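Dropping structure.cif in here (mmCIF, C-alpha atoms and all ligand atoms):
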data_data
#
loop_
_atom_site.label_atom_id
_atom_site.label_comp_id
_atom_site.auth_asym_id
_atom_site.auth_seq_id
_atom_site.Cartn_x
_atom_site.Cartn_y
_atom_site.Cartn_z
CA MET A 1 0.00 0.00 0.00
CA GLU A 2 1.37 3.39 -0.99
CA TYR A 3 -0.73 5.66 1.21
CA VAL A 4 -1.40 3.61 4.33
CA LEU A 5 0.95 1.96 6.80
CA LEU A 6 -0.31 -1.09 8.64
CA GLU A 7 1.55 -2.16 11.79
CA LYS A 8 0.87 -4.65 14.52
CA ASP A 9 1.95 -4.57 18.16
CA GLY A 10 0.67 -7.67 19.98
CA ASN A 11 -3.06 -7.76 19.41
CA VAL A 12 -3.30 -4.11 18.36
CA SER A 13 -3.16 -3.07 14.69
CA THR A 14 -2.41 0.52 13.74
CA ILE A 15 -3.52 2.03 10.43
CA THR A 16 -1.61 5.22 9.55
CA ILE A 17 -2.84 7.36 6.68
CA ASN A 18 0.18 8.71 4.86
CA ASN A 19 -0.42 11.24 2.08
CA PRO A 20 2.05 13.93 3.17
CA LYS A 21 1.71 16.14 0.09
CA ALA A 22 -1.91 16.93 0.96
CA LEU A 23 -1.98 16.70 4.78
CA ASN A 24 -3.26 13.10 4.47
CA ALA A 25 -6.30 14.11 2.37
CA LEU A 26 -8.45 11.24 1.16
CA SER A 27 -8.02 10.88 -2.58
CA THR A 28 -9.51 7.80 -4.23
CA ALA A 29 -6.06 6.19 -4.14
CA VAL A 30 -5.81 6.84 -0.38
CA LEU A 31 -9.34 5.51 0.14
CA LYS A 32 -8.43 2.33 -1.77
CA ASP A 33 -5.46 1.70 0.52
CA LEU A 34 -7.55 2.51 3.58
CA GLU A 35 -10.16 0.01 2.40
CA GLU A 36 -7.49 -2.67 2.01
CA ALA A 37 -6.09 -1.96 5.47
CA VAL A 38 -9.55 -1.99 7.06
CA ASN A 39 -10.41 -5.29 5.33
CA THR A 40 -7.11 -6.77 6.50
CA VAL A 41 -7.57 -5.88 10.17
CA ALA A 42 -11.26 -6.82 10.10
CA ALA A 43 -10.31 -10.32 8.89
CA ASP A 44 -7.38 -10.75 11.29
CA ASP A 45 -8.42 -12.99 14.18
CA ASP A 46 -5.40 -11.86 16.22
CA THR A 47 -6.28 -8.18 16.07
CA TYR A 48 -8.39 -7.31 19.09
CA ALA A 49 -8.23 -3.51 18.78
CA VAL A 50 -7.39 -1.04 16.02
CA ILE A 51 -5.90 2.47 16.05
CA ILE A 52 -6.34 4.84 13.11
CA THR A 53 -4.06 7.87 12.89
CA GLY A 54 -2.40 10.21 10.39
CA ALA A 55 1.30 10.38 9.51
CA GLY A 56 3.31 13.40 10.57
CA PRO A 57 2.93 15.93 13.35
CA LYS A 58 0.43 18.23 11.66
CA SER A 59 -2.54 16.36 10.31
CA PHE A 60 -4.82 13.42 11.01
CA VAL A 61 -6.71 13.83 7.72
CA ALA A 62 -7.41 17.26 6.13
CA GLY A 63 -10.54 15.98 4.41
CA ALA A 64 -11.47 14.61 1.04
CA ASP A 65 -9.04 15.55 -1.71
CA ILE A 66 -10.39 18.88 -2.94
CA ALA A 67 -8.19 18.89 -6.08
CA GLU A 68 -9.60 15.51 -7.13
CA MET A 69 -13.19 16.39 -6.15
CA LYS A 70 -13.34 19.79 -7.84
CA ASP A 71 -14.28 18.66 -11.37
CA LYS A 72 -16.61 15.80 -10.50
CA ASN A 73 -20.13 15.78 -11.91
CA GLN A 74 -23.14 14.80 -9.83
CA GLU A 75 -22.90 11.12 -10.64
CA GLU A 76 -19.16 10.96 -9.94
CA ALA A 77 -19.64 12.86 -6.66
CA ALA A 78 -22.29 10.35 -5.57
CA GLU A 79 -19.96 7.48 -6.44
CA TYR A 80 -17.07 9.06 -4.49
CA GLY A 81 -19.34 9.73 -1.52
CA ALA A 82 -20.67 6.18 -1.57
CA TYR A 83 -17.16 4.73 -1.68
CA GLY A 84 -15.97 6.71 1.33
CA ASN A 85 -19.16 5.92 3.19
CA LYS A 86 -18.77 2.19 2.53
CA ILE A 87 -15.31 2.17 4.09
CA PHE A 88 -16.30 4.37 7.05
CA ARG A 89 -19.34 2.20 7.71
CA GLN A 90 -17.11 -0.86 7.73
CA ILE A 91 -14.92 0.80 10.36
CA GLU A 92 -18.02 1.64 12.37
CA THR A 93 -19.54 -1.83 12.17
CA MET A 94 -16.48 -4.11 12.18
CA ASP A 95 -16.31 -6.56 15.06
CA LYS A 96 -13.32 -4.80 16.61
CA PRO A 97 -13.03 -1.61 18.63
CA VAL A 98 -11.43 1.22 16.66
CA ILE A 99 -9.68 4.18 18.31
CA ALA A 100 -8.99 7.37 16.35
CA ALA A 101 -5.73 9.00 17.47
CA ILE A 102 -6.21 12.51 16.11
CA ASN A 103 -2.82 14.13 15.69
CA GLY A 104 -3.70 17.45 14.04
CA PHE A 105 -6.23 18.55 11.41
CA ALA A 106 -9.41 16.46 11.33
CA LEU A 107 -11.41 18.43 8.81
CA GLY A 108 -14.32 17.39 6.60
CA GLY A 109 -13.70 13.77 5.67
CA GLY A 110 -11.04 13.68 8.41
CA ASN A 111 -13.53 14.48 11.14
CA GLU A 112 -15.94 12.06 9.47
CA LEU A 113 -13.32 9.31 9.57
CA ALA A 114 -12.67 10.01 13.25
CA MET A 115 -16.40 9.90 13.96
CA SER A 116 -16.74 6.47 12.34
CA CYS A 117 -14.32 5.16 15.01
CA ASP A 118 -15.60 3.98 18.39
CA ILE A 119 -13.42 6.24 20.53
CA ARG A 120 -11.60 9.48 19.70
CA LEU A 121 -8.44 10.65 21.47
CA ALA A 122 -6.88 13.94 20.41
CA ALA A 123 -3.50 15.62 20.58
CA ASP A 124 -3.54 19.17 21.93
CA ASN A 125 -2.81 20.50 18.42
CA ALA A 126 -5.88 18.80 16.91
CA VAL A 127 -8.34 20.94 14.96
CA PHE A 128 -11.80 19.69 14.08
CA GLY A 129 -14.35 20.97 11.61
CA GLN A 130 -16.76 20.42 8.78
CA PRO A 131 -15.73 23.20 6.38
CA GLU A 132 -17.78 21.82 3.46
CA VAL A 133 -20.39 24.59 3.26
CA GLY A 134 -17.55 27.01 2.55
CA LEU A 135 -16.70 24.85 -0.47
CA GLY A 136 -20.31 24.83 -1.64
CA ILE A 137 -21.13 21.27 -0.57
CA THR A 138 -22.52 19.43 2.44
CA PRO A 139 -20.44 16.97 4.43
CA GLY A 140 -20.38 13.82 2.29
CA PHE A 141 -18.88 10.98 4.32
CA GLY A 142 -21.56 10.84 7.02
CA GLY A 143 -20.80 14.12 8.83
CA THR A 144 -24.38 15.38 9.00
CA GLN A 145 -25.47 12.09 10.54
CA ARG A 146 -22.64 11.17 12.90
CA LEU A 147 -21.85 14.62 14.29
CA ALA A 148 -25.51 15.15 15.16
CA ARG A 149 -25.52 11.81 16.99
CA ILE A 150 -22.23 12.34 18.86
CA VAL A 151 -22.67 15.93 20.10
CA PRO A 152 -25.86 17.85 20.90
CA VAL A 153 -27.72 18.54 17.67
CA GLY A 154 -27.59 22.34 18.04
CA ILE A 155 -23.80 22.19 18.42
CA ALA A 156 -23.56 19.92 15.35
CA LYS A 157 -25.62 22.40 13.34
CA GLU A 158 -23.50 25.32 14.52
CA ILE A 159 -20.30 23.50 13.45
CA ILE A 160 -21.71 22.38 10.07
CA TYR A 161 -23.61 25.56 9.10
CA GLY A 162 -20.84 27.82 10.36
CA GLY A 163 -17.99 25.83 8.80
CA ARG A 164 -15.75 27.10 11.59
CA ASN A 165 -13.05 24.89 13.03
CA ILE A 166 -12.80 24.06 16.72
CA LYS A 167 -9.75 23.26 18.79
CA ALA A 168 -9.10 20.16 20.88
CA ASP A 169 -10.25 21.70 24.19
CA LYS A 170 -13.61 22.64 22.68
CA ALA A 171 -13.92 19.18 21.09
CA LEU A 172 -13.39 17.70 24.56
CA GLN A 173 -15.93 20.05 26.10
CA ILE A 174 -18.68 19.03 23.62
CA GLY A 175 -17.88 15.31 23.84
CA LEU A 176 -16.50 14.93 20.33
CA VAL A 177 -13.32 13.43 21.84
CA ASN A 178 -12.83 11.43 25.02
CA ALA A 179 -9.51 12.96 26.03
CA VAL A 180 -6.76 15.37 24.93
CA TYR A 181 -3.04 14.65 25.36
CA PRO A 182 0.18 16.55 24.69
CA GLN A 183 1.09 15.76 21.08
CA GLU A 184 4.05 13.54 21.97
CA GLU A 185 1.93 11.43 24.35
CA LEU A 186 -1.02 10.76 22.03
CA MET A 187 0.12 7.47 20.46
CA ASN A 188 1.23 6.02 23.81
CA ALA A 189 -2.15 6.91 25.27
CA ALA A 190 -3.98 5.36 22.30
CA MET A 191 -1.85 2.20 22.54
CA LYS A 192 -2.40 1.94 26.30
CA LEU A 193 -6.16 2.21 25.80
CA ALA A 194 -6.11 -0.28 22.89
CA LYS A 195 -4.03 -2.80 24.87
CA GLY A 196 -6.32 -2.42 27.88
CA ILE A 197 -9.32 -3.24 25.69
CA ALA A 198 -7.42 -6.07 23.96
CA LYS A 199 -6.85 -7.75 27.34
CA ASN A 200 -10.58 -8.47 27.56
CA ALA A 201 -12.54 -11.17 25.75
CA PRO A 202 -12.60 -10.04 22.09
CA LYS A 203 -15.93 -11.68 21.36
CA ALA A 204 -17.53 -9.94 24.33
CA VAL A 205 -16.05 -6.58 23.25
CA ALA A 206 -17.35 -7.16 19.68
CA ALA A 207 -20.77 -8.15 21.03
CA SER A 208 -20.85 -5.00 23.17
CA LYS A 209 -20.00 -2.89 20.11
CA ARG A 210 -22.82 -4.48 18.10
CA ALA A 211 -25.28 -4.06 20.97
CA ILE A 212 -24.44 -0.38 21.48
CA ASN A 213 -24.43 0.50 17.78
CA LYS A 214 -27.51 -1.46 16.75
CA GLY A 215 -29.35 -0.47 19.93
CA LEU A 216 -28.85 3.21 19.19
CA GLU A 217 -30.71 2.76 15.88
CA GLY A 218 -33.98 1.72 17.54
CA THR A 219 -36.19 1.99 20.61
CA MET A 220 -35.08 1.07 24.14
CA ASP A 221 -37.12 -2.18 23.94
CA GLU A 222 -35.44 -3.13 20.68
CA GLY A 223 -32.05 -2.25 22.16
CA ILE A 224 -32.66 -4.38 25.25
CA ALA A 225 -33.70 -7.31 23.00
CA ILE A 226 -30.46 -6.93 21.04
CA GLU A 227 -28.50 -6.92 24.31
CA VAL A 228 -30.29 -10.06 25.52
CA ASP A 229 -29.27 -11.82 22.30
CA GLU A 230 -25.67 -10.67 22.46
CA PHE A 231 -25.38 -11.36 26.20
CA SER A 232 -26.84 -14.88 25.96
CA ASN A 233 -24.73 -15.72 22.88
CA CYS A 234 -21.64 -15.04 25.01
CA PHE A 235 -22.54 -18.12 27.04
CA ASN A 236 -21.51 -20.21 24.01
CA THR A 237 -17.94 -18.92 24.20
CA GLU A 238 -14.91 -20.30 26.01
CA ASP A 239 -14.13 -16.76 27.12
CA GLN A 240 -17.27 -16.85 29.24
CA THR A 241 -16.63 -20.35 30.59
CA TYR A 242 -13.03 -19.69 31.50
CA GLY A 243 -13.53 -16.02 32.38
CA MET A 244 -15.99 -16.92 35.10
CA GLU A 245 -14.16 -20.09 36.21
CA TYR A 246 -10.94 -18.10 36.52
CA PHE A 247 -12.67 -15.41 38.56
CA LEU A 248 -13.98 -18.03 40.98
CA ASP A 249 -10.81 -20.14 41.12
CA LYS A 250 -7.63 -18.08 40.88
CA ASN A 251 -5.49 -21.26 40.96
CA LYS A 252 -6.64 -22.18 37.48
CA GLU A 253 -4.34 -21.37 34.60
CA LYS A 254 -5.84 -18.62 32.49
CA PRO A 255 -6.35 -19.91 28.94
CA ALA A 256 -5.68 -17.99 25.75
CA LYS A 257 -8.61 -15.96 24.52
CA GLN A 258 -10.86 -17.35 21.80
N1 LIG B 1 -7.43 18.31 -0.37
C1 LIG B 1 -6.39 18.46 -1.19
N2 LIG B 1 -5.24 19.06 -0.82
C2 LIG B 1 -5.16 19.51 0.44
C3 LIG B 1 -6.21 19.39 1.35
C4 LIG B 1 -7.40 18.74 0.91
N3 LIG B 1 -8.44 18.53 1.70
N4 LIG B 1 -5.84 19.94 2.52
C5 LIG B 1 -4.60 20.39 2.34
N5 LIG B 1 -4.17 20.14 1.09
C6 LIG B 1 -2.87 20.48 0.50
C7 LIG B 1 -2.76 21.97 0.19
O1 LIG B 1 -3.37 22.25 -1.05
C8 LIG B 1 -1.26 22.15 0.19
O2 LIG B 1 -0.76 21.67 -1.04
P1 LIG B 1 0.47 22.44 -1.76
O3 LIG B 1 1.62 22.32 -0.79
O4 LIG B 1 0.66 21.67 -3.01
O5 LIG B 1 0.04 23.85 -1.95
C9 LIG B 1 -0.78 21.19 1.27
O6 LIG B 1 -1.84 20.25 1.47
C10 LIG B 1 -0.54 21.87 2.60
O7 LIG B 1 -1.68 22.61 2.93
P2 LIG B 1 -1.68 24.16 3.31
O8 LIG B 1 -0.53 24.85 2.64
O9 LIG B 1 -3.04 24.70 3.05
O10 LIG B 1 -1.36 24.07 4.87
P3 LIG B 1 -1.79 25.12 5.98
O11 LIG B 1 -1.09 24.70 7.22
O12 LIG B 1 -1.62 26.51 5.52
O13 LIG B 1 -3.37 24.88 6.17
C11 LIG B 1 -5.38 23.54 6.44
C12 LIG B 1 -3.84 23.65 6.66
C13 LIG B 1 -6.10 24.57 7.31
C14 LIG B 1 -5.78 22.14 6.85
C15 LIG B 1 -5.69 23.81 4.95
O14 LIG B 1 -4.86 22.99 4.16
C16 LIG B 1 -7.11 23.49 4.59
O15 LIG B 1 -8.00 24.28 4.88
N6 LIG B 1 -7.33 22.35 3.92
C17 LIG B 1 -8.66 21.96 3.44
C18 LIG B 1 -9.53 21.49 4.56
C19 LIG B 1 -10.92 21.18 4.04
O16 LIG B 1 -11.62 22.03 3.56
N7 LIG B 1 -11.32 19.91 4.19
C20 LIG B 1 -12.63 19.46 3.79
C21 LIG B 1 -12.62 18.98 2.39
S1 LIG B 1 -14.22 18.56 1.82
C22 LIG B 1 -14.56 17.07 2.49
O17 LIG B 1 -13.78 16.52 3.21
C23 LIG B 1 -15.85 16.43 2.11
C24 LIG B 1 -15.87 14.94 2.49
C25 LIG B 1 -16.92 14.18 1.76
C26 LIG B 1 -16.76 14.19 0.28
C27 LIG B 1 -17.79 13.39 -0.43
C28 LIG B 1 -18.08 14.04 -1.75
C29 LIG B 1 -19.05 13.36 -2.51
#

Would you mind writing the file out in structure tokens?
Amino acid sequence: MEYVLLEKDGNVSTITINNPKALNALSTAVLKDLEEAVNTVAADDDTYAVIITGAGPKSFVAGADIAEMKDKNQEEAAEYGAYGNKIFRQIETMDKPVIAAINGFALGGGNELAMSCDIRLAADNAVFGQPEVGLGITPGFGGTQRLARIVPVGIAKEIIYGGRNIKADKALQIGLVNAVYPQEELMNAAMKLAKGIAKNAPKAVAASKRAINKGLEGTMDEGIAIEVDEFSNCFNTEDQTYGMEYFLDKNKEKPAKQ
């Protein structure tokens, strides 16, 4: 892959978007590599948690590639939007927790990529925004939908209609990110969180992700029914058998996770 680095540390895979000439903007070529990396980690049974970040000290992802987008017609724009959305939806729905480590600009498609991840951690130099209306378009990789679900709807509208960027401290205040770290500490913090999650039963973490995500799409009763399914299915896993046996009998040897 030319535009994405894929690394593995224990059970944690890190996807780094690397398009330095355009502050890691998402051209079709970058999206293709991102898709390949996402498919690879999604299919890797030994990856229990994933980190997505941007290469370099300045930018996570500065959005879709404006130079490439500029001359698209309506049909081509819809195709480009659908392609990005397909990849982001896969990140959102894959059976592994995904942490965005936001190391600088997260604008337009960059903020949308971060929002398709389960958890967002930011460096203190991070800048967030949906500047699309200034370019004469709406957000196109899910920004109108995800931002309005992650932060209060009035705040989402202010950010999207205003097209004004916000800094990391404001992103923390509105709940767009979980935490802000000094730039040089961001990746260690993301890895520590990922490894902490990866210590738990991966099937139970995946089931929790499905229950939360699917539950949020429906009523409370539907959500509870989804949780009952996911919870009871866990009783077919060795993680449950051994997890509970180990809790009750500390002399037992802890087995490898399923
Ligand atoms: N696309 C293409 N090139 C970019 C982008 C981008 N999004 N962002 C930066 N670059 C390029 C610049 O053109 C520049 O190239 P060059 O060196 O050849 O002149 C290089 O990266 C460095 O950028 P700057 O010189 O501008 O760096 P600054 O530090 O001065 O500014 C900013 C950094 C503030 C991040 C500035 O580059 C900027 O505003 N970038 C654009 C941000 C933006 O508007 N992003 C949203 C794009 S639209 C979008 O994401 C929609 C998603 C859904 C699309 C679906 C469509 C169907």

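Those residues that approach A:Pro182 to within 6 Å, counting only C-alpha atoms, are Ala123, Asp124 and Glu185 of chain A; same-chain residues fewer than 3 positions away are not listed.
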
**OP:** Would you mind listing the residues within 6 Å of ligand LIG 1 (chain B), counting only C-alpha atoms and all ligand atoms, as a list in words?
**Re:** Lys21, Ala22, Leu23, Ala25, Ala62, Gly63, Ala64, Asp65, Ile66, Ala67, Ala77, Ala78, Tyr80, Gly81, Phe105, Leu107, Gly108, Gly109, Pro131, Glu132, Pro139, Gly140 and Phe141 of chain A

Subject >> Within-12 Å shell of (-2.5, 6.1, 7.2) in input frame, all atoms listed in the file, as a count of residues only >> reply: 44

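With atom CA of A:Asn111 on one side and atom CA of A:Leu176 on the other, the separation reads 9.7 Å.
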
**OP:** In the coordinate frame of the file, compute which residues have an atom within 10 Å of (-23.3, 17.4, 13.2) when using all atoms listed in the file, and state them as a list in words.
**Re:** Glu112, Gly129, Gln130, Pro139, Gly142, Gly143, Thr144, Gln145, Arg146, Leu147, Ala148, Arg149, Ile150, Val151, Pro152, Val153, Gly154, Ile155, Ala156, Lys157, Glu158, Ile159, Ile160 and Tyr161 of chain A

**OP:** Within 7 Å of A:Cys117, counting only C-alpha atoms, which residues show up once you throw out same-chain ones fewer than 5 positions away? Write them as a ChimeraX atom specification, please.
**Re:** /A:91-92,98-100

**OP:** Counting all atoms listed in the file, figure out which residue out of A:Cys234, A:Leu193, A:Ala106, A:Ala225 gets nearest to A:Val12.
**Re:** A:Leu193

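With atom CA of A:Lys203 on one side and atom CA of A:Asn188 on the other, the separation reads 24.8 Å.
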
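Considering the residues A:Ser116, A:Asn233, A:Asn251, A:Thr138 and counting all atoms listed in the file, A:Asn213 has its shortest atom-to-atom contact with A:Ser116.
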
**OP:** Figure out the distance between atom CA of A:Tyr181 and atom CA of A:Pro202, please, to one decimal in Å.
**Re:** 26.7 Å

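The shortest atom-to-atom distance to A:Asn165, with all atoms listed in the file taken into account, belongs to A:Phe128 out of A:Ala190, A:Phe128, A:Ala198, A:Ala179.
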
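Considering only C-alpha atoms, the residue among A:Gly162, A:Thr47, A:Ser27, A:Asn200 positioned nearest to A:Met94 is A:Thr47.
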
Subject >> Shell of 12 Å around A:Thr237, all atoms listed in the file, local chain residues under 5 positions omitted, as a list in words >> reply: Ala201, Pro202, Lys203, Ala204, Ala207, Glu230, Phe231, Ser232, Tyr242, Gly243, Met244, Lys257 and Gln258 of chain A

How big is the axis-aligned box around the listed atoms of stretch 57-74 of chain A once 6 Å is added on each side, and where is its centre? Give both in Å to one decimal, as JSON.
{"center_x": -10.1, "center_y": 16.6, "center_z": 0.7, "size_x": 38.1, "size_y": 18.4, "size_z": 37.3}

**OP:** Considering only C-alpha atoms, state which residue in the set A:Glu238, A:Asp118, A:Asp221, A:Asp229 is at the smallest distance from A:Thr93.
**Re:** A:Asp118
